[in-house]
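Beneath this line is the structure, given in C-alpha cells, with notes to follow.
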Amino acid sequence: MIDLALLREDPDLFKASQEARGASVDLVDEVLAADSARRSAITAYEDARADQKSFSSQIAKAAKEDKPELIAEGKEKSAKVKALQAESEEASFAFDKLAGKLPNLIVEGIPSGGEENFVTLKTVGEPRDFSTDGFEPADHLEIGETLKAIDTARGTKVSGSRFHYLTGFGAKLEMALLNLARDVAEEAGFIPTITPTLVKPEVMRGTGFLGEHGDEVYRLEADDLFLVGTSEVPLAGLHMDEIIDLSDGPLRYAGISSCYRREAGSYGKDTRGIIRVHQFQKVEMFSYVEVENAAAEHERMLSLQEKMLGLCELPYRVIDTAAGDLGDSAARKFDCEAWVPTQDTYRELTSTSNCTTFQARRLQVRERYDGATRPVATLNGTMANTRWLVPILENHQQADGSVTVPAALRPYLGGMTAQGPEGPRY
C-alpha cells in the first residue's frame with residue numbers, strides 16, 4: 001500500500017493526487033481516521049495486556065487468603081484483554097480494507113484528468129500515404145485472412161468472441177516478433193523468464209489488479225487462482241517476502257507468457273480482428289530498483305520500447321498518460337501508440353509504468369539500506385505482444401496483397417522478405 005508515514009505527514013499531497021486521478025479525495029481522511037482508530041485500539045489492547053501480565057505476577061506473590069479475590073479480578077482483566085484484542089483486530093481489518101482502496105501517489109507534474117487528457121511527448125515517423133502507391137489499404141483482418149494468417153471465425157466457433165487462431169505466416173510472425181523482443185530485452189540486461197500464468201489471490205492483490213479493474217481478471221474459483229493479464233503479476237510476486245540485493249544494480253526480468261483479459265465493459269469496441277482479445281502473447285519487462293533510480297529506469301524502459309518500434313519500422317507517438325487513466329499501482333505511465341492506417345489514428349502498443357514502492361510494500365519486497373530495510377521500487381513495460389501484428393500487417397502491406405517483412409524480423413523468419421498470397425518470398 002501507500003507510504004503511511006508520508007500520508008500522516010502530508011495528507012494534502014495525497015488529496016491532490018486523488019483529485020488529479022478524479023478519485024475520492026475524502027478517502028484520504030477516511031484512511032487517516034481508520035489509522036488513528038487502529039492505533040488507539042492497538043495501544044489500548046497492549047496496555048491492558050501489560051497490566052494483565054503485571055497483575056498475574058502479583059497473584060503469584062499474594063497471600064493465600066487474598067488469592068481468590070485477586071484471581072476473580074484477574075479473570076475480569078483477561079476478559080477485557082480478549083475484548084480489546086478483538087477490537088484492535090477489527091480496527092486493523094477496517095484500516096487495511098480502506099488503505100487498500102487508496103491508489104498510488106502520482107508523480108508530480110503528470111497530466112490531470114481522464115483518458116482523453118494525455119500529453120503527446122513526441123511523434124516519430126510519418127504515416128504512409130497509400131494514395132502514392134495507388135491503392136486503398138486493407139485492414140489487418142482482411143490481410144490476415146487473405147494470407148491465411150488469422151482466423152477469427154474459427155476462434156469464435158471454438159472459444160467464443162474475441163478469440164482467434166494464428167496460422168502459418170501469422171503464427172511465425174508473432175513468434176518472430178516475440179523472439180526479437182526477448183533478444184532486445186536480454187541484450188539490455190533483462191533475464192528471459194517464462195512465468196506461471198496462474199497466481200494466488202495475494203499476488204494478484206499485491207500488484208493492484210484486484211482494485212478498480214478487478215472485473216478484468218479471470219478467476220478459477222474452484223482453485224482460488226487467477227489467470228494473469230500480464231507477466232508483470234508473477235514477476236512482481238517472484239521476490240515476495242524477500243530482502244533482495246540491489247548493490248550490483250537493478251534486478252531485471254523479461255517475462256514471456258500467455259495473457260488473459262476479460263475485456264469487461266468493452267462491448268462493441270474493437271470487435272473486428274485481433275486488437276482487443278481475451279488471450280494474447282506478450283514479452284514484458286519488469287525491474288526491481290532502488291527508489292532513487294526509478295525515474296531513470298522508467299526512461300530506460302521507454303527507450304527500449306521505442307527501439308522495438310523502430311526495428312518494426314512503425315510510425316508512432318509517445319504519450320504521458322493522464323492521472324485518471326492510470327491503474328491503481330502506477331505513479332506514472334508512458335504509452336507508445338503505433339499508427340494504424342485503416343483507423344486513421346494511433347493505437348496503444350506498449351505501456352510502461354513506474355509503480356514506485358506501491359507493489360513492493362504490499363508484497364513485502366525490501367532491500368537493506370542504512371542499517372535497516374526499506375521497500376524497493378518496481379517498474380514494468382511491454383516489449384511486444386499480439387496486437388503488434390495489427391500495425392505491422394497494415395503499414396507494410398503492398399498493392400499485390402503481400403506484406404513486406406521488416407528487416408529486423410527477417411532473421412527470425414529464415415530470411416523471408418515478404419509473404420504473399422502465393423507464399424513466402426526470400
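Ligands are numbered from 1 in the order shown, residues from 1 within each chain, and chains are lettered A, B, ... in the order they appear in the C-alpha cells.
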Give me, as a Markdown table, the closest atom pair and its distance (Å, one decimal) for every residue of region 221-284 of chain A within a cut-off of 9 Å of region 374-378 of chain A, counting only C-alpha atoms, rows sorted by chain and rising number.
```
| residue | atom | partner | partner_atom | distance |
| --- | --- | --- | --- | --- |
| A:Ala236 | CA | A:Thr378 | CA | 7.7 |
| A:Ile243 | CA | A:Pro375 | CA | 9.0 |
| A:Ile244 | CA | A:Val376 | CA | 8.8 |
```
Excluding region 185-196 of chain A and its own-chain neighbours fewer than 3 positions away, which residues fall within 9 Å of it when counting only C-alpha atoms? Please give them as a PyMOL selection string. chain A and resi 180-182+199+228+231+234-235+251-257+283-287+304+383
Written selection (N, CA and C atoms) as a CSV table (one decimal), in the first residue's frame:
```csv
chain,number,residue,atom,x,y,z
A,180,LEU,N,12.4,-11.5,-31.2
A,180,LEU,CA,13.1,-10.2,-31.3
A,180,LEU,C,13.0,-9.4,-30.0
A,181,ALA,N,11.8,-9.3,-29.5
A,181,ALA,CA,11.6,-8.6,-28.2
A,181,ALA,C,12.4,-9.2,-27.1
A,182,ARG,N,12.4,-10.5,-27.0
A,182,ARG,CA,13.2,-11.2,-26.0
A,182,ARG,C,14.7,-10.8,-26.1
A,199,VAL,N,-1.9,-17.4,-10.6
A,199,VAL,CA,-1.3,-16.9,-9.4
A,199,VAL,C,-2.3,-16.9,-8.3
A,228,VAL,N,-3.4,-14.5,-15.2
A,228,VAL,CA,-2.8,-13.2,-15.3
A,228,VAL,C,-3.1,-12.5,-16.6
A,231,SER,N,2.5,-10.7,-17.5
A,231,SER,CA,3.5,-11.4,-16.6
A,231,SER,C,4.1,-10.5,-15.6
A,234,PRO,N,3.1,-12.2,-12.0
A,234,PRO,CA,4.0,-13.2,-11.4
A,234,PRO,C,5.5,-12.7,-11.2
A,235,LEU,N,5.9,-11.8,-12.0
A,235,LEU,CA,7.2,-11.2,-11.8
A,235,LEU,C,7.3,-10.3,-10.6
A,251,LEU,N,17.4,-5.6,-10.5
A,251,LEU,CA,17.1,-6.9,-10.9
A,251,LEU,C,16.1,-6.8,-12.0
A,252,ARG,N,16.4,-7.3,-13.2
A,252,ARG,CA,15.6,-7.1,-14.4
A,252,ARG,C,15.2,-8.4,-15.0
A,253,TYR,N,13.9,-8.6,-15.4
A,253,TYR,CA,13.4,-9.8,-15.9
A,253,TYR,C,12.6,-9.5,-17.2
A,254,ALA,N,12.6,-10.4,-18.2
A,254,ALA,CA,11.8,-10.3,-19.3
A,254,ALA,C,10.8,-11.4,-19.3
A,255,GLY,N,9.6,-11.2,-18.9
A,255,GLY,CA,8.6,-12.2,-18.8
A,255,GLY,C,8.0,-12.6,-20.1
A,256,ILE,N,7.9,-13.9,-20.4
A,256,ILE,CA,7.3,-14.4,-21.6
A,256,ILE,C,6.1,-15.3,-21.2
A,257,SER,N,4.9,-14.9,-21.7
A,257,SER,CA,3.8,-15.6,-21.2
A,257,SER,C,2.5,-15.4,-22.1
A,283,VAL,N,5.8,-10.3,-24.3
A,283,VAL,CA,7.1,-10.2,-23.6
A,283,VAL,C,7.0,-8.9,-22.8
A,284,GLU,N,7.3,-9.0,-21.5
A,284,GLU,CA,7.1,-7.9,-20.6
A,284,GLU,C,8.4,-7.7,-19.8
A,285,MET,N,8.8,-6.4,-19.7
A,285,MET,CA,10.0,-6.1,-18.9
A,285,MET,C,9.5,-5.8,-17.5
A,286,PHE,N,10.3,-6.2,-16.5
A,286,PHE,CA,10.0,-5.9,-15.1
A,286,PHE,C,11.3,-5.7,-14.4
A,287,SER,N,11.3,-4.6,-13.6
A,287,SER,CA,12.6,-4.2,-12.8
A,287,SER,C,12.3,-4.0,-11.4
A,304,LEU,N,13.7,1.4,-24.8
A,304,LEU,CA,13.7,0.1,-25.3
A,304,LEU,C,12.5,-0.2,-26.1
A,383,MET,N,7.3,-5.1,-24.1
A,383,MET,CA,8.2,-5.1,-25.2
A,383,MET,C,7.6,-5.5,-26.5
```
Between A:Ala91, A:Leu379, A:Leu349, A:Ala222, smallest distance to Ala330 (chain A) by only C-alpha atoms belongs to A:Leu379
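Atom to atom, CA of Glu115 (chain A) and CA of Gly327 (chain A) stand 11.6 Å apart.
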So that I can check the secondary structure, give me every residue of region 142-266 of chain A assigned strand (DSSP E or B) by backbone DSSP, as a list in words. Ile150, Asp151, Tyr165, Leu166, Ile191, Pro192, Thr193, Ile194, Leu198, Val199, Tyr218, Arg219, Leu220, Leu225, Phe226, Leu227, Glu242, Ile243, Ile244, Leu251, Arg252, Tyr253, Ala254, Gly255, Ile256, Ser257, Ser258, Cys259 and Tyr260 of chain A
Resulting file, chosen residues, C-alpha atoms, as a PDB file, in the first residue's frame:
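And here's part_32.pdb as it stands now:
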```pdb
ATOM      1  CA  ILE A 150      -5.542 -15.006 -38.906  1.00  0.00           C
ATOM      2  CA  ASP A 151      -8.747 -16.967 -38.367  1.00  0.00           C
ATOM      3  CA  TYR A 165      -6.212 -18.654 -34.396  1.00  0.00           C
ATOM      4  CA  LEU A 166      -2.888 -17.517 -35.828  1.00  0.00           C
ATOM      5  CA  ILE A 191      16.707 -12.133 -17.844  1.00  0.00           C
ATOM      6  CA  PRO A 192      14.327 -14.158 -20.071  1.00  0.00           C
ATOM      7  CA  THR A 193      11.748 -15.729 -17.756  1.00  0.00           C
ATOM      8  CA  ILE A 194       8.802 -17.975 -18.627  1.00  0.00           C
ATOM      9  CA  LEU A 198      -1.968 -18.743 -12.657  1.00  0.00           C
ATOM     10  CA  VAL A 199      -1.283 -16.892  -9.395  1.00  0.00           C
ATOM     11  CA  TYR A 218     -10.361 -14.276 -14.872  1.00  0.00           C
ATOM     12  CA  ARG A 219     -10.731 -16.237 -11.645  1.00  0.00           C
ATOM     13  CA  LEU A 220     -10.739 -20.021 -11.192  1.00  0.00           C
ATOM     14  CA  LEU A 225      -6.328 -18.882  -8.501  1.00  0.00           C
ATOM     15  CA  PHE A 226      -6.307 -16.064 -11.057  1.00  0.00           C
ATOM     16  CA  LEU A 227      -5.262 -16.059 -14.699  1.00  0.00           C
ATOM     17  CA  GLU A 242      12.216 -11.344   0.369  1.00  0.00           C
ATOM     18  CA  ILE A 243      15.053  -8.946   1.103  1.00  0.00           C
ATOM     19  CA  ILE A 244      16.821  -8.554  -2.232  1.00  0.00           C
ATOM     20  CA  LEU A 251      17.099  -6.940 -10.919  1.00  0.00           C
ATOM     21  CA  ARG A 252      15.583  -7.073 -14.412  1.00  0.00           C
ATOM     22  CA  TYR A 253      13.382  -9.788 -15.931  1.00  0.00           C
ATOM     23  CA  ALA A 254      11.774 -10.277 -19.344  1.00  0.00           C
ATOM     24  CA  GLY A 255       8.571 -12.218 -18.753  1.00  0.00           C
ATOM     25  CA  ILE A 256       7.305 -14.402 -21.601  1.00  0.00           C
ATOM     26  CA  SER A 257       3.752 -15.634 -21.204  1.00  0.00           C
ATOM     27  CA  SER A 258       0.240 -16.061 -22.458  1.00  0.00           C
ATOM     28  CA  CYS A 259      -2.047 -13.389 -21.009  1.00  0.00           C
ATOM     29  CA  TYR A 260      -5.796 -13.342 -20.385  1.00  0.00           C
TER      30      TYR A 260
END
```
Excluding Ala338 (chain A) and residues on its chain fewer than 5 positions from it, collect all residues at most 12 Å away from it, counting only C-alpha atoms, and give them as a PyMOL selection string. chain A and resi 123-127+305-306+308-310+312-319+343-351+387-392+394-395
Find the spatial neighbours of Asp320 (chain A), counting only C-alpha atoms, within a cut-off of 6 Å - ignore same-chain residues fewer than 3 positions away - and output them as a PDB file with C-alpha atoms, in the first residue's frame.
```
ATOM      1  CA  PHE A 118      -2.915  12.695 -22.140  1.00  0.00           C
ATOM      2  CA  VAL A 119       0.032  14.795 -23.333  1.00  0.00           C
ATOM      3  CA  PHE A 334       4.055   6.273 -20.758  1.00  0.00           C
TER       4      PHE A 334
END
```
Taking the DSSP assignment computed from this structure's backbone, write out as a ChimeraX atom specification all residues of region 8-174 of chain A that belong to helix (DSSP H, G or I). /A:8-9,11-21,26-61,64-99,115-117,130-133,140-146,152-159,169-174
Quick one: everything within 10 Å of Leu98 (chain A), counting only C-alpha atoms, minus sequence neighbours fewer than 4 positions away in the same chain. Send it as a VMD selection string. chain A and resid 27 to 28 30 to 32 34 to 35 92 to 94 102
Expected file: the selected residues, all heavy atoms, as a PDB file, in the first residue's frame:
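Contents of part20.pdb, as written:
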```pdb
ATOM      1  N   LEU A  27     -11.471   9.878   0.649  1.00  0.00           N
ATOM      2  CA  LEU A  27     -10.869   8.602   1.047  1.00  0.00           C
ATOM      3  C   LEU A  27      -9.607   8.823   1.875  1.00  0.00           C
ATOM      4  O   LEU A  27      -9.318   8.038   2.779  1.00  0.00           O
ATOM      5  CB  LEU A  27     -10.555   7.763  -0.199  1.00  0.00           C
ATOM      6  CG  LEU A  27      -9.902   6.396   0.040  1.00  0.00           C
ATOM      7  CD1 LEU A  27     -10.794   5.513   0.913  1.00  0.00           C
ATOM      8  CD2 LEU A  27      -9.601   5.717  -1.289  1.00  0.00           C
ATOM      9  N   VAL A  28      -8.876   9.875   1.598  1.00  0.00           N
ATOM     10  CA  VAL A  28      -7.643  10.171   2.347  1.00  0.00           C
ATOM     11  C   VAL A  28      -7.969  10.388   3.826  1.00  0.00           C
ATOM     12  O   VAL A  28      -7.317   9.809   4.715  1.00  0.00           O
ATOM     13  CB  VAL A  28      -6.926  11.405   1.763  1.00  0.00           C
ATOM     14  CG1 VAL A  28      -5.712  11.768   2.614  1.00  0.00           C
ATOM     15  CG2 VAL A  28      -6.512  11.152   0.314  1.00  0.00           C
ATOM     16  N   GLU A  30     -10.632   9.385   5.365  1.00  0.00           N
ATOM     17  CA  GLU A  30     -11.183   8.137   5.896  1.00  0.00           C
ATOM     18  C   GLU A  30     -10.063   7.171   6.285  1.00  0.00           C
ATOM     19  O   GLU A  30     -10.133   6.513   7.335  1.00  0.00           O
ATOM     20  CB  GLU A  30     -12.105   7.496   4.855  1.00  0.00           C
ATOM     21  CG  GLU A  30     -13.395   8.267   4.615  1.00  0.00           C
ATOM     22  CD  GLU A  30     -14.174   7.733   3.420  1.00  0.00           C
ATOM     23  OE1 GLU A  30     -13.799   6.654   2.908  1.00  0.00           O
ATOM     24  OE2 GLU A  30     -15.134   8.395   2.995  1.00  0.00           O
ATOM     25  N   VAL A  31      -9.020   7.103   5.477  1.00  0.00           N
ATOM     26  CA  VAL A  31      -7.879   6.233   5.795  1.00  0.00           C
ATOM     27  C   VAL A  31      -7.163   6.743   7.035  1.00  0.00           C
ATOM     28  O   VAL A  31      -6.785   5.965   7.929  1.00  0.00           O
ATOM     29  CB  VAL A  31      -6.906   6.154   4.598  1.00  0.00           C
ATOM     30  CG1 VAL A  31      -5.624   5.417   4.994  1.00  0.00           C
ATOM     31  CG2 VAL A  31      -7.568   5.446   3.420  1.00  0.00           C
ATOM     32  N   LEU A  32      -6.978   8.056   7.125  1.00  0.00           N
ATOM     33  CA  LEU A  32      -6.317   8.624   8.307  1.00  0.00           C
ATOM     34  C   LEU A  32      -7.126   8.375   9.578  1.00  0.00           C
ATOM     35  O   LEU A  32      -6.561   8.065  10.636  1.00  0.00           O
ATOM     36  CB  LEU A  32      -6.109  10.126   8.103  1.00  0.00           C
ATOM     37  CG  LEU A  32      -4.978  10.521   7.145  1.00  0.00           C
ATOM     38  CD1 LEU A  32      -5.037  12.012   6.856  1.00  0.00           C
ATOM     39  CD2 LEU A  32      -3.617  10.140   7.720  1.00  0.00           C
ATOM     40  N   ALA A  34      -9.201   5.904  10.066  1.00  0.00           N
ATOM     41  CA  ALA A  34      -9.099   4.470  10.354  1.00  0.00           C
ATOM     42  C   ALA A  34      -7.738   4.133  10.955  1.00  0.00           C
ATOM     43  O   ALA A  34      -7.629   3.283  11.844  1.00  0.00           O
ATOM     44  CB  ALA A  34      -9.332   3.662   9.081  1.00  0.00           C
ATOM     45  N   ASP A  35      -6.708   4.821  10.483  1.00  0.00           N
ATOM     46  CA  ASP A  35      -5.366   4.614  11.029  1.00  0.00           C
ATOM     47  C   ASP A  35      -5.313   5.055  12.488  1.00  0.00           C
ATOM     48  O   ASP A  35      -4.744   4.361  13.348  1.00  0.00           O
ATOM     49  CB  ASP A  35      -4.359   5.408  10.201  1.00  0.00           C
ATOM     50  CG  ASP A  35      -2.960   5.363  10.772  1.00  0.00           C
ATOM     51  OD1 ASP A  35      -2.503   4.257  11.126  1.00  0.00           O
ATOM     52  OD2 ASP A  35      -2.316   6.432  10.867  1.00  0.00           O
ATOM     53  N   SER A  92      -7.879  -2.966  12.777  1.00  0.00           N
ATOM     54  CA  SER A  92      -6.805  -3.197  11.806  1.00  0.00           C
ATOM     55  C   SER A  92      -7.377  -3.683  10.481  1.00  0.00           C
ATOM     56  O   SER A  92      -6.918  -3.268   9.402  1.00  0.00           O
ATOM     57  CB  SER A  92      -5.805  -4.222  12.359  1.00  0.00           C
ATOM     58  OG  SER A  92      -5.126  -3.700  13.480  1.00  0.00           O
ATOM     59  N   PHE A  93      -8.375  -4.548  10.554  1.00  0.00           N
ATOM     60  CA  PHE A  93      -9.015  -5.053   9.344  1.00  0.00           C
ATOM     61  C   PHE A  93      -9.696  -3.907   8.587  1.00  0.00           C
ATOM     62  O   PHE A  93      -9.578  -3.799   7.362  1.00  0.00           O
ATOM     63  CB  PHE A  93     -10.036  -6.130   9.698  1.00  0.00           C
ATOM     64  CG  PHE A  93     -10.810  -6.652   8.508  1.00  0.00           C
ATOM     65  CD1 PHE A  93     -10.257  -7.593   7.667  1.00  0.00           C
ATOM     66  CD2 PHE A  93     -12.097  -6.186   8.243  1.00  0.00           C
ATOM     67  CE1 PHE A  93     -10.960  -8.069   6.566  1.00  0.00           C
ATOM     68  CE2 PHE A  93     -12.810  -6.642   7.150  1.00  0.00           C
ATOM     69  CZ  PHE A  93     -12.242  -7.595   6.305  1.00  0.00           C
ATOM     70  N   ALA A  94     -10.397  -3.050   9.336  1.00  0.00           N
ATOM     71  CA  ALA A  94     -11.086  -1.918   8.719  1.00  0.00           C
ATOM     72  C   ALA A  94     -10.082  -0.971   8.060  1.00  0.00           C
ATOM     73  O   ALA A  94     -10.311  -0.458   6.958  1.00  0.00           O
ATOM     74  CB  ALA A  94     -11.912  -1.173   9.761  1.00  0.00           C
ATOM     75  N   LEU A 102      -6.799   2.941  -1.573  1.00  0.00           N
ATOM     76  CA  LEU A 102      -6.099   4.177  -1.926  1.00  0.00           C
ATOM     77  C   LEU A 102      -5.022   3.871  -2.966  1.00  0.00           C
ATOM     78  O   LEU A 102      -4.084   3.126  -2.684  1.00  0.00           O
ATOM     79  CB  LEU A 102      -5.473   4.794  -0.677  1.00  0.00           C
ATOM     80  CG  LEU A 102      -4.936   6.222  -0.793  1.00  0.00           C
ATOM     81  CD1 LEU A 102      -6.058   7.191  -1.180  1.00  0.00           C
ATOM     82  CD2 LEU A 102      -4.290   6.659   0.510  1.00  0.00           C
TER      83      LEU A 102
END
```
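Take CA of Thr321 (chain A) and CA of Lys333 (chain A): the distance between them is 5.6 Å.
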In Å, rounded to a single decimal, give me how far CA of Arg425 (chain A) is from CA of Pro406 (chain A).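 According to the coordinates, CA of Pro406 (chain A) and CA of Arg425 (chain A) are separated by 12.9 Å.
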Go through A:Asn293, A:Ser266, A:Thr207, A:Thr156 one by one, measure the shortest atom-to-atom distance of each to Leu246 (chain A) using only C-alpha atoms, and give the residue with the smallest value. A:Asn293
Calculated over only C-alpha atoms, which of the candidates A:Val291, A:Val81, A:Leu13, A:Ala99 has the smallest distance to Arg366 (chain A)?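 Of all the options, A:Val291 lies closest to Arg366 (chain A).
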Near-region 47-49 of chain A list (10 Å; only C-alpha atoms; drop same-chain fewer than 3 positions) as a list in words: Ala41, Ile42, Thr43, Ala44, Gln52, Lys53, Ser54, Phe55, Lys77, Ser78, Lys80, Val81, Lys82, Leu84 and Gln85 of chain A
Find the spatial neighbours of Val405 (chain A), counting only C-alpha atoms, within a cut-off of 9 Å - ignore same-chain residues fewer than 6 positions away - and output them as a ChimeraX atom specification. /A:173,312,392-393,396,413,416-419
